[in-house]
file work07.txt (compact mmCIF, C-alpha atoms)
# COMPACT_ATOMS: atom_id res chain seq x y z
CA MET A 1 0.00 0.00 0.00
CA THR A 2 1.14 3.54 -0.71
CA LYS A 3 2.05 5.96 2.06
CA LEU A 4 0.85 9.45 1.23
CA THR A 5 3.53 12.04 1.78
CA PRO A 6 3.19 14.95 2.35
CA ARG A 7 -0.53 14.22 2.16
CA PRO A 8 -2.28 12.30 4.99
CA THR A 9 -0.38 9.23 6.13
CA ALA A 10 -3.50 7.05 6.14
CA GLN A 11 -2.96 4.35 3.54
CA ARG A 12 -4.55 4.76 0.15
CA GLU A 13 -7.39 2.50 -1.03
CA ASP A 14 -5.82 0.76 -4.00
CA LEU A 15 -8.45 -1.43 -5.63
CA VAL A 16 -8.07 -5.14 -4.93
CA GLN A 17 -9.73 -7.60 -7.28
CA GLY A 18 -11.08 -11.06 -6.55
CA PRO A 19 -10.64 -13.00 -3.29
CA LEU A 20 -7.55 -11.12 -2.08
CA ALA A 21 -9.68 -8.84 0.07
CA ARG A 22 -12.36 -9.86 2.51
CA PRO A 23 -15.51 -7.79 3.18
CA ILE A 24 -15.44 -6.10 6.56
CA PRO A 25 -17.93 -8.00 8.75
CA ARG A 26 -21.24 -6.49 9.82
CA VAL A 27 -20.85 -5.75 13.53
CA ASP A 28 -23.32 -4.08 15.89
CA PRO A 29 -23.00 -1.81 17.74
CA ILE A 30 -20.56 -0.16 15.34
CA THR A 31 -17.08 0.41 16.76
CA ASP A 32 -15.14 0.65 13.48
CA LEU A 33 -16.24 3.21 10.88
CA PRO A 34 -13.44 3.42 8.31
CA LEU A 35 -15.33 5.46 5.71
CA LEU A 36 -17.23 8.72 6.14
CA VAL A 37 -19.01 10.60 3.37
CA LEU A 38 -19.35 14.34 3.94
CA PHE A 39 -21.47 16.84 1.99
CA PRO A 40 -19.59 20.10 2.67
CA HIS A 41 -21.67 22.32 0.36
CA SER A 42 -25.33 22.22 -0.63
CA ARG A 43 -25.24 23.56 -4.18
CA CYS A 44 -23.88 22.34 -7.51
CA ASN A 45 -22.49 24.05 -10.61
CA CYS A 46 -24.06 21.71 -13.17
CA ARG A 47 -27.68 21.21 -14.23
CA CYS A 48 -27.60 17.48 -14.93
CA LEU A 49 -30.48 15.62 -16.52
CA MET A 50 -30.42 12.85 -13.89
CA CYS A 51 -30.03 14.98 -10.73
CA ASP A 52 -31.94 17.80 -9.02
CA ILE A 53 -29.25 19.03 -6.63
CA TRP A 54 -28.78 22.04 -8.93
CA ARG A 55 -32.31 23.15 -8.01
CA VAL A 56 -31.18 23.85 -4.43
CA THR A 57 -31.23 27.61 -3.86
CA ALA A 58 -29.84 27.78 -0.32
CA LYS A 59 -26.08 28.12 0.08
CA ASP A 60 -25.40 25.98 3.13
CA GLU A 61 -22.06 24.63 4.29
CA ILE A 62 -20.54 22.42 6.96
CA GLU A 63 -18.14 24.70 8.77
CA SER A 64 -14.55 23.89 9.61
CA ARG A 65 -15.19 24.51 13.30
CA GLU A 66 -17.84 21.77 13.25
CA VAL A 67 -15.43 19.29 11.71
CA ALA A 68 -12.83 20.28 14.31
CA ALA A 69 -15.35 19.46 17.06
CA TRP A 70 -16.24 16.11 15.49
CA LEU A 71 -12.72 14.91 14.72
CA SER A 72 -11.90 13.30 18.06
CA GLU A 73 -14.91 11.01 17.74
CA TRP A 74 -14.07 10.24 14.12
CA ARG A 75 -10.59 9.19 15.18
CA ALA A 76 -12.07 7.03 17.94
CA PHE A 77 -14.20 5.33 15.28
CA GLY A 78 -11.09 4.69 13.20
CA VAL A 79 -12.16 6.84 10.24
CA LYS A 80 -9.46 6.34 7.60
CA ARG A 81 -11.01 8.18 4.68
CA VAL A 82 -13.45 11.03 4.17
CA VAL A 83 -15.21 11.29 0.83
CA LEU A 84 -16.23 14.87 -0.01
CA SER A 85 -19.45 14.69 -1.97
CA GLY A 86 -22.55 16.82 -2.31
CA GLY A 87 -23.28 19.23 -4.05
CA GLU A 88 -20.02 20.45 -5.48
CA ALA A 89 -17.47 20.40 -2.66
CA LEU A 90 -15.19 22.85 -4.50
CA LEU A 91 -17.83 25.58 -4.05
CA HIS A 92 -17.19 25.53 -0.28
CA SER A 93 -15.88 28.89 0.90
CA HIS A 94 -13.28 27.41 3.30
CA LEU A 95 -12.80 23.89 1.96
CA TRP A 96 -9.04 23.81 2.42
CA GLU A 97 -9.30 24.75 6.10
CA LEU A 98 -11.58 21.75 6.48
CA CYS A 99 -9.16 19.53 4.55
CA GLU A 100 -6.22 20.71 6.64
CA LEU A 101 -8.02 19.43 9.73
CA LEU A 102 -8.48 16.02 8.11
CA ARG A 103 -4.87 15.98 6.97
CA GLN A 104 -3.61 16.72 10.48
CA ALA A 105 -5.72 13.81 11.70
CA ASP A 106 -4.06 11.48 9.14
CA ILE A 107 -7.38 10.92 7.36
CA GLY A 108 -7.21 10.36 3.61
CA ILE A 109 -9.40 12.52 1.38
CA THR A 110 -11.33 11.61 -1.75
CA ILE A 111 -13.19 14.38 -3.55
CA LEU A 112 -16.09 13.83 -5.94
CA SER A 113 -16.43 16.70 -8.41
CA THR A 114 -18.11 17.83 -11.60
CA GLY A 115 -14.62 18.83 -12.71
CA LEU A 116 -15.53 22.40 -13.67
CA LEU A 117 -13.33 23.94 -10.97
CA LEU A 118 -10.37 21.57 -11.04
CA ARG A 119 -8.02 24.01 -12.78
CA ARG A 120 -8.76 26.80 -10.31
CA HIS A 121 -8.00 24.54 -7.34
CA ALA A 122 -5.37 22.21 -8.83
CA LEU A 123 -2.59 23.10 -6.38
CA GLU A 124 -4.84 22.69 -3.33
CA LEU A 125 -6.28 19.46 -4.67
CA VAL A 126 -2.89 17.79 -5.02
CA ARG A 127 -1.84 19.06 -1.60
CA TYR A 128 -4.81 17.68 0.29
CA CYS A 129 -6.46 14.96 -1.85
CA ASP A 130 -4.87 11.76 -3.09
CA ASP A 131 -8.00 10.65 -4.91
CA VAL A 132 -10.10 12.79 -7.27
CA VAL A 133 -13.22 11.35 -8.88
CA VAL A 134 -14.90 13.33 -11.66
CA SER A 135 -18.13 12.84 -13.54
CA LEU A 136 -17.71 11.90 -17.20
CA ASP A 137 -20.96 11.29 -19.06
CA GLY A 138 -19.56 10.55 -22.49
CA PRO A 139 -17.66 12.22 -25.31
CA ARG A 140 -17.85 16.01 -25.63
CA GLU A 141 -21.30 16.44 -27.20
CA ILE A 142 -23.00 13.90 -24.91
CA HIS A 143 -21.26 15.11 -21.76
CA ASP A 144 -22.22 18.73 -22.44
CA LYS A 145 -25.82 17.77 -23.16
CA ILE A 146 -26.19 15.81 -19.92
CA ARG A 147 -24.36 18.40 -17.81
CA ASN A 148 -26.38 21.19 -19.42
CA ILE A 149 -23.41 23.57 -19.05
CA PRO A 150 -21.50 25.17 -21.96
CA ARG A 151 -18.02 23.71 -22.53
CA ALA A 152 -18.39 21.31 -19.60
CA TYR A 153 -16.26 18.66 -21.31
CA ASP A 154 -13.47 21.06 -22.26
CA ARG A 155 -13.38 22.54 -18.76
CA LEU A 156 -13.22 19.05 -17.28
CA ALA A 157 -10.38 18.05 -19.60
CA ASP A 158 -8.52 21.28 -18.84
CA GLY A 159 -8.92 20.69 -15.10
CA VAL A 160 -7.69 17.10 -15.22
CA ALA A 161 -4.62 18.27 -17.14
CA ALA A 162 -3.96 20.96 -14.53
CA VAL A 163 -4.13 18.45 -11.67
CA LYS A 164 -1.75 16.11 -13.48
CA VAL A 165 0.72 18.94 -14.10
CA ALA A 166 0.56 19.85 -10.41
CA ASP A 167 1.19 16.25 -9.28
CA GLN A 168 1.19 13.27 -11.60
CA SER A 169 0.84 10.85 -8.68
CA VAL A 170 -2.65 12.06 -7.67
CA ARG A 171 -5.18 9.59 -9.02
CA VAL A 172 -7.95 11.14 -11.14
CA SER A 173 -10.65 8.68 -12.11
CA GLY A 174 -14.01 9.07 -13.83
CA ARG A 175 -17.49 7.85 -13.11
CA CYS A 176 -20.10 7.60 -15.86
CA THR A 177 -23.79 7.48 -14.95
CA VAL A 178 -25.44 5.33 -17.62
CA GLN A 179 -28.81 6.63 -18.84
CA ARG A 180 -30.89 7.14 -22.00
CA ALA A 181 -28.74 10.04 -23.20
CA ASN A 182 -25.46 8.09 -23.25
CA PHE A 183 -26.03 4.30 -23.17
CA LEU A 184 -25.13 3.93 -26.85
CA GLY A 185 -21.80 5.67 -26.29
CA LEU A 186 -20.13 3.56 -23.60
CA ARG A 187 -17.16 2.68 -25.82
CA ARG A 188 -16.80 6.33 -26.82
CA THR A 189 -16.83 7.22 -23.13
CA VAL A 190 -13.79 4.98 -22.59
CA VAL A 191 -12.05 6.75 -25.49
CA ALA A 192 -12.95 10.11 -23.95
CA ALA A 193 -11.56 9.04 -20.58
CA ARG A 194 -8.26 8.20 -22.27
CA GLU A 195 -8.38 11.45 -24.21
CA ILE A 196 -8.61 13.66 -21.13
CA GLY A 197 -6.03 11.68 -19.16
CA LEU A 198 -8.12 9.87 -16.56
CA ASP A 199 -6.43 7.03 -14.69
CA ARG A 200 -9.57 4.90 -14.64
CA ILE A 201 -13.23 4.89 -15.62
CA SER A 202 -16.20 3.16 -14.02
CA PHE A 203 -19.86 2.90 -14.96
CA LEU A 204 -23.04 2.78 -12.89
CA ALA A 205 -26.72 2.98 -13.72
CA VAL A 206 -28.74 6.11 -13.09
CA ASP A 207 -30.80 6.11 -9.88
CA VAL A 208 -34.47 6.81 -10.58
CA SER A 209 -36.09 5.12 -7.58
CA THR A 210 -35.09 7.06 -4.46
CA GLU A 211 -35.29 10.53 -2.91
CA ALA A 212 -31.53 11.04 -3.19
CA PHE A 213 -30.09 13.92 -5.20
CA ASN A 214 -32.69 16.42 -3.92
CA ARG A 215 -35.78 14.54 -5.03
CA PRO A 216 -38.21 14.66 -2.08
CA GLY A 217 -40.96 12.15 -2.73
CA GLY A 218 -39.05 10.69 -5.67
CA TRP A 219 -39.61 11.16 -9.38
CA GLY A 220 -42.87 10.61 -11.18
CA GLY A 221 -43.20 8.27 -14.12
CA GLU A 222 -42.59 10.93 -16.75
CA ARG A 223 -39.21 11.96 -15.33
CA VAL A 224 -38.21 8.32 -14.95
CA ARG A 225 -39.04 7.63 -18.60
CA GLU A 226 -36.94 10.61 -19.68
CA VAL A 227 -33.82 9.23 -18.01
CA ALA A 228 -34.17 5.44 -17.74
CA LEU A 229 -34.09 3.16 -20.77
CA GLN A 230 -37.27 2.16 -22.55
CA ARG A 231 -38.11 -1.39 -23.51
CA HIS A 232 -37.09 -1.11 -27.17
CA GLU A 233 -33.67 0.20 -26.09
CA LEU A 234 -32.69 -2.86 -24.04
CA PRO A 235 -31.40 -4.85 -27.05
CA LEU A 236 -29.36 -1.82 -28.10
CA LEU A 237 -27.73 -1.68 -24.67
CA ALA A 238 -26.98 -5.40 -24.82
CA ALA A 239 -25.33 -4.92 -28.20
CA GLU A 240 -23.25 -1.99 -26.92
CA LEU A 241 -22.06 -4.05 -23.95
CA ASP A 242 -21.10 -6.93 -26.27
CA ALA A 243 -19.18 -4.54 -28.50
CA MET A 244 -17.56 -2.99 -25.47
CA GLU A 245 -16.26 -6.36 -24.31
CA ARG A 246 -14.76 -6.92 -27.75
CA ASP A 247 -13.38 -3.44 -28.48
CA CYS A 248 -12.18 -2.58 -24.96
CA ALA A 249 -10.47 -5.88 -24.15
CA THR A 250 -7.24 -4.15 -23.16
CA GLU A 251 -9.03 -1.71 -20.84
CA PHE A 252 -10.84 -4.60 -19.14
CA ALA A 253 -7.67 -6.68 -18.83
CA THR A 254 -5.64 -3.87 -17.29
CA GLY A 255 -8.41 -2.68 -14.95
CA TYR A 256 -8.67 0.69 -16.68
CA ILE A 257 -12.40 -0.04 -16.77
CA ALA A 258 -13.14 -0.68 -13.10
CA GLU A 259 -15.84 -3.29 -13.72
CA GLY A 260 -15.44 -6.50 -15.64
CA PRO A 261 -17.71 -7.35 -18.61
CA ASP A 262 -19.94 -9.60 -16.50
CA LYS A 263 -20.49 -6.92 -13.89
CA LEU A 264 -21.26 -4.33 -16.57
CA ARG A 265 -23.99 -6.61 -17.91
CA ARG A 266 -25.84 -5.90 -14.68
CA LEU A 267 -26.61 -2.53 -16.25
CA HIS A 268 -28.89 -4.36 -18.66
CA GLN A 269 -30.41 -6.39 -15.85
CA TYR A 270 -31.08 -3.21 -13.86
CA PHE A 271 -32.86 -1.34 -16.65
CA ALA A 272 -34.83 -4.46 -17.59
CA ALA A 273 -35.93 -4.91 -13.98
CA LEU A 274 -37.12 -1.29 -13.86
CA LEU A 275 -39.43 -2.22 -16.73
CA GLY A 276 -40.67 -5.35 -14.97
CA GLU A 277 -38.61 -7.73 -17.10
CA GLY A 278 -36.79 -9.90 -14.56
CA ASP A 279 -35.46 -9.00 -11.13
CA PHE A 280 -32.70 -6.78 -9.79
CA ALA A 281 -29.33 -8.29 -8.90
CA PRO A 282 -29.23 -8.73 -5.10
CA PRO A 283 -26.42 -6.60 -3.65
CA ASP A 284 -23.88 -7.79 -1.09
CA CYS A 285 -23.47 -4.44 0.65
CA ASN A 286 -21.98 -3.62 4.05
CA ALA A 287 -22.22 0.19 3.83
CA PRO A 288 -24.55 0.67 6.85
CA TRP A 289 -22.04 -1.14 9.08
CA VAL A 290 -18.78 0.43 7.88
CA SER A 291 -19.66 3.93 6.69
CA ALA A 292 -21.98 6.86 7.25
CA VAL A 293 -23.13 9.90 5.29
CA ILE A 294 -23.29 13.37 6.85
CA GLU A 295 -25.24 15.83 4.75
CA THR A 296 -24.87 19.62 4.69
CA ASP A 297 -27.76 20.16 7.13
CA GLY A 298 -26.33 17.61 9.59
CA THR A 299 -28.56 14.72 8.52
CA VAL A 300 -26.85 11.36 9.10
CA ARG A 301 -27.73 8.42 6.87
CA PRO A 302 -26.36 4.88 6.73
CA CYS A 303 -25.78 5.38 2.98
CA PHE A 304 -26.81 7.74 0.19
CA PHE A 305 -30.24 6.19 -0.27
CA GLN A 306 -31.62 4.85 3.01
CA PRO A 307 -33.68 7.10 5.36
CA PRO A 308 -31.96 9.28 7.98
CA LEU A 309 -30.84 7.95 11.34
CA GLY A 310 -30.64 11.37 13.00
CA ASN A 311 -28.95 14.76 12.85
CA ILE A 312 -25.42 15.34 14.12
CA ARG A 313 -26.17 18.98 14.96
CA GLU A 314 -29.01 17.91 17.21
CA ALA A 315 -27.58 14.74 18.76
CA GLU A 316 -24.83 14.69 21.35
CA SER A 317 -22.54 12.63 19.11
CA LEU A 318 -22.29 10.54 15.95
CA ASP A 319 -22.17 7.46 18.16
CA ALA A 320 -25.52 8.41 19.70
CA ILE A 321 -27.01 8.36 16.19
CA ILE A 322 -25.49 5.31 14.51
CA ASN A 323 -25.59 3.18 17.67
CA SER A 324 -28.96 4.26 18.98
CA PRO A 325 -31.28 1.34 19.82
CA GLU A 326 -33.36 2.25 16.77
CA ALA A 327 -30.35 2.29 14.40
CA VAL A 328 -28.99 -1.01 15.72
CA ALA A 329 -32.42 -2.65 15.42
CA TRP A 330 -32.77 -1.32 11.87
CA ARG A 331 -29.41 -2.73 10.76
CA ARG A 332 -30.06 -6.09 12.41
CA GLY A 333 -33.31 -6.32 10.50
CA LEU A 334 -31.82 -5.20 7.18
CA ASP A 335 -31.55 -7.86 4.50
CA THR A 336 -29.90 -6.18 1.51
CA HIS A 337 -31.12 -8.97 -0.76
CA ARG A 338 -34.75 -8.23 0.12
CA ASP A 339 -34.91 -4.55 1.11
CA ALA A 340 -36.79 -2.52 -1.52
CA ILE A 341 -34.23 0.30 -1.56
CA CYS A 342 -31.18 -1.97 -1.50
CA ARG A 343 -32.40 -4.16 -4.35
CA LYS A 344 -32.62 -1.14 -6.68
CA CYS A 345 -29.38 0.43 -5.44
CA VAL A 346 -27.12 1.59 -8.27
CA CYS A 347 -23.87 1.77 -6.26
CA SER A 348 -23.91 -0.76 -3.47
CA LEU A 349 -20.73 -0.60 -1.41
CA THR A 350 -18.63 -3.54 -0.31
CA LEU A 351 -15.85 -2.18 1.85
CA ARG A 352 -12.98 -4.63 2.14
CA ARG A 353 -9.82 -5.06 4.16
CA ALA A 354 -6.87 -5.27 1.81
CA SER A 355 -5.12 -7.91 3.94
CA ASP A 356 -5.53 -9.98 7.03
CA SER A 357 -3.45 -7.40 8.88
CA MET A 358 -6.08 -4.84 7.87
CA THR A 359 -3.52 -2.22 6.89
CA GLY A 360 -5.65 -0.78 4.09
CA ILE A 361 -9.19 -0.47 2.78
CA GLU A 362 -10.73 -1.05 -0.59
CA ALA A 363 -14.14 0.29 -1.56
CA SER A 364 -15.87 -1.51 -4.41
CA ASN A 365 -18.85 0.28 -5.92
CA GLU A 366 -20.77 -2.13 -8.09
CA ALA A 367 -22.25 -0.83 -11.32
CA ARG A 368 -25.83 -2.05 -11.28

call {"tool": "encode", "arguments": {"input": "work07.txt", "output": "structure tokens"}}
result
Amino acid sequence: MTKLTPRPTAQREDLVQGPLARPIPRVDPITDLPLLVLFPHSRCNCRCLMCDIWRVTAKDEIESREVAAWLSEWRAFGVKRVVLSGGEALLHSHLWELCELLRQADIGITILSTGLLLRRHALELVRYCDDVVVSLDGPREIHDKIRNIPRAYDRLADGVAAVKVADQSVRVSGRCTVQRANFLGLRRTVVAAREIGLDRISFLAVDVSTEAFNRPGGWGGERVREVALQRHELPLLAAELDAMERDCATEFATGYIAEGPDKLRRLHQYFAALLGEGDFAPPDCNAPWVSAVIETDGTVRPCFFQPPLGNIREAESLDAIINSPEAVAWRRGLDTHRDAICRKCVCSLTLRRASDSMTGIEASNEAR
């Protein structure tokens, strides 16, 4: 595993394939919480077709002083990595003060970003973050259409280049959300990822079933039909996945595409299940036992999609929320193979120990 110097000394999550890494067991009450997802800022700078976060008008932030107050408990829980999500974390007015606190605590930092502000913050990014994940929705014309922002692709490419100039060792990977607007261009998305210098690309299906991404009450049928595949498009997706296995053999073999061909075929299974043709692939997910999500308003969830467990600004501690009698009872009764939300989850998390000595962590997000 790689020691991060001068960045946080917590060991980096290099992806481990196959049986070399064992899932962290589901233990209650929780005493080990290696992964924490933090929404530092409430707003976003894109207007994506598949997300409504951009409709948020309030400009709310998690303040550095709050993180400073929470850090001792995070260390006690053994937090090894904080993932900055949201919202666009790079819109935070004092993000680097917050990151400095995490760095001093030897907590690794992953940032999820639209990529529009990478160039502006390239030097800070390579100083504080060892892992940058950007959204890539396809080649230029498709990416710009989905992002609904002029020159989104070019700004993303320019930002990735700036980060690589600042520090070649910082990993910049891409995540493509597969939907109606781009499912025929998966191979072209891999070419685009190479073109802009990404170190890796992964694919996951669009979520259309939950209240996540600022969708209180969920989407109605019309919005779902705009974004999810329709029945006549399923054979076209199957053909694209077959062609992808053939044309991107090198990218699969080297791990440049994070998922293998068989796992990517779950994309077809997912969209078919949404249409009532077959069932969803049951996820083996341990997220509620090994991670937590803290949103901008203090809401604490066991993952992106499940209902809240409490609010960290109202409770006396994070422990009081995730290990409350109600939270423990909920986890003990959770069967991820049967739960309605889990079965439709597009990015189930299996957090793994990288060795028996548990010196590192690997997070595997399954494309569904």

call {"tool": "residues_around", "arguments": {"input": "work07.txt", "residues": "segment 246-251 of chain A", "least_positions_apart": "2", "cutoff": "10 Å", "atoms": "all atoms listed in the file", "output": "PyMOL selection string"}}
result
chain A and resi 187+190-191+200-201+240-244+253-261

call {"tool": "residues_around", "arguments": {"input": "work07.txt", "residues": "segment 99-105 of chain A", "least_positions_apart": "4", "cutoff": "8 Å", "atoms": "only C-alpha atoms", "output": "NGL selection string"}}
result
:A and (7-8 or 64 or 67-68 or 71 or 75 or 95 or 109 or 128)

call {"tool": "closest_residue", "arguments": {"input": "work07.txt", "among": "A:Thr299, A:Thr336, A:Ser169, A:Thr114", "to": "Cys129 of chain A", "atoms": "only C-alpha atoms"}}
result
A:Ser169

call {"tool": "atom_distance", "arguments": {"input": "work07.txt", "atom1": "atom CA of Thr296 of chain A", "atom2": "atom CA of Leu90 of chain A"}}
result
13.7 Å

call {"tool": "atom_distance", "arguments": {"input": "work07.txt", "atom1": "atom CA of Leu351 of chain A", "atom2": "atom CA of Ala287 of chain A"}}
result
7.1 Å
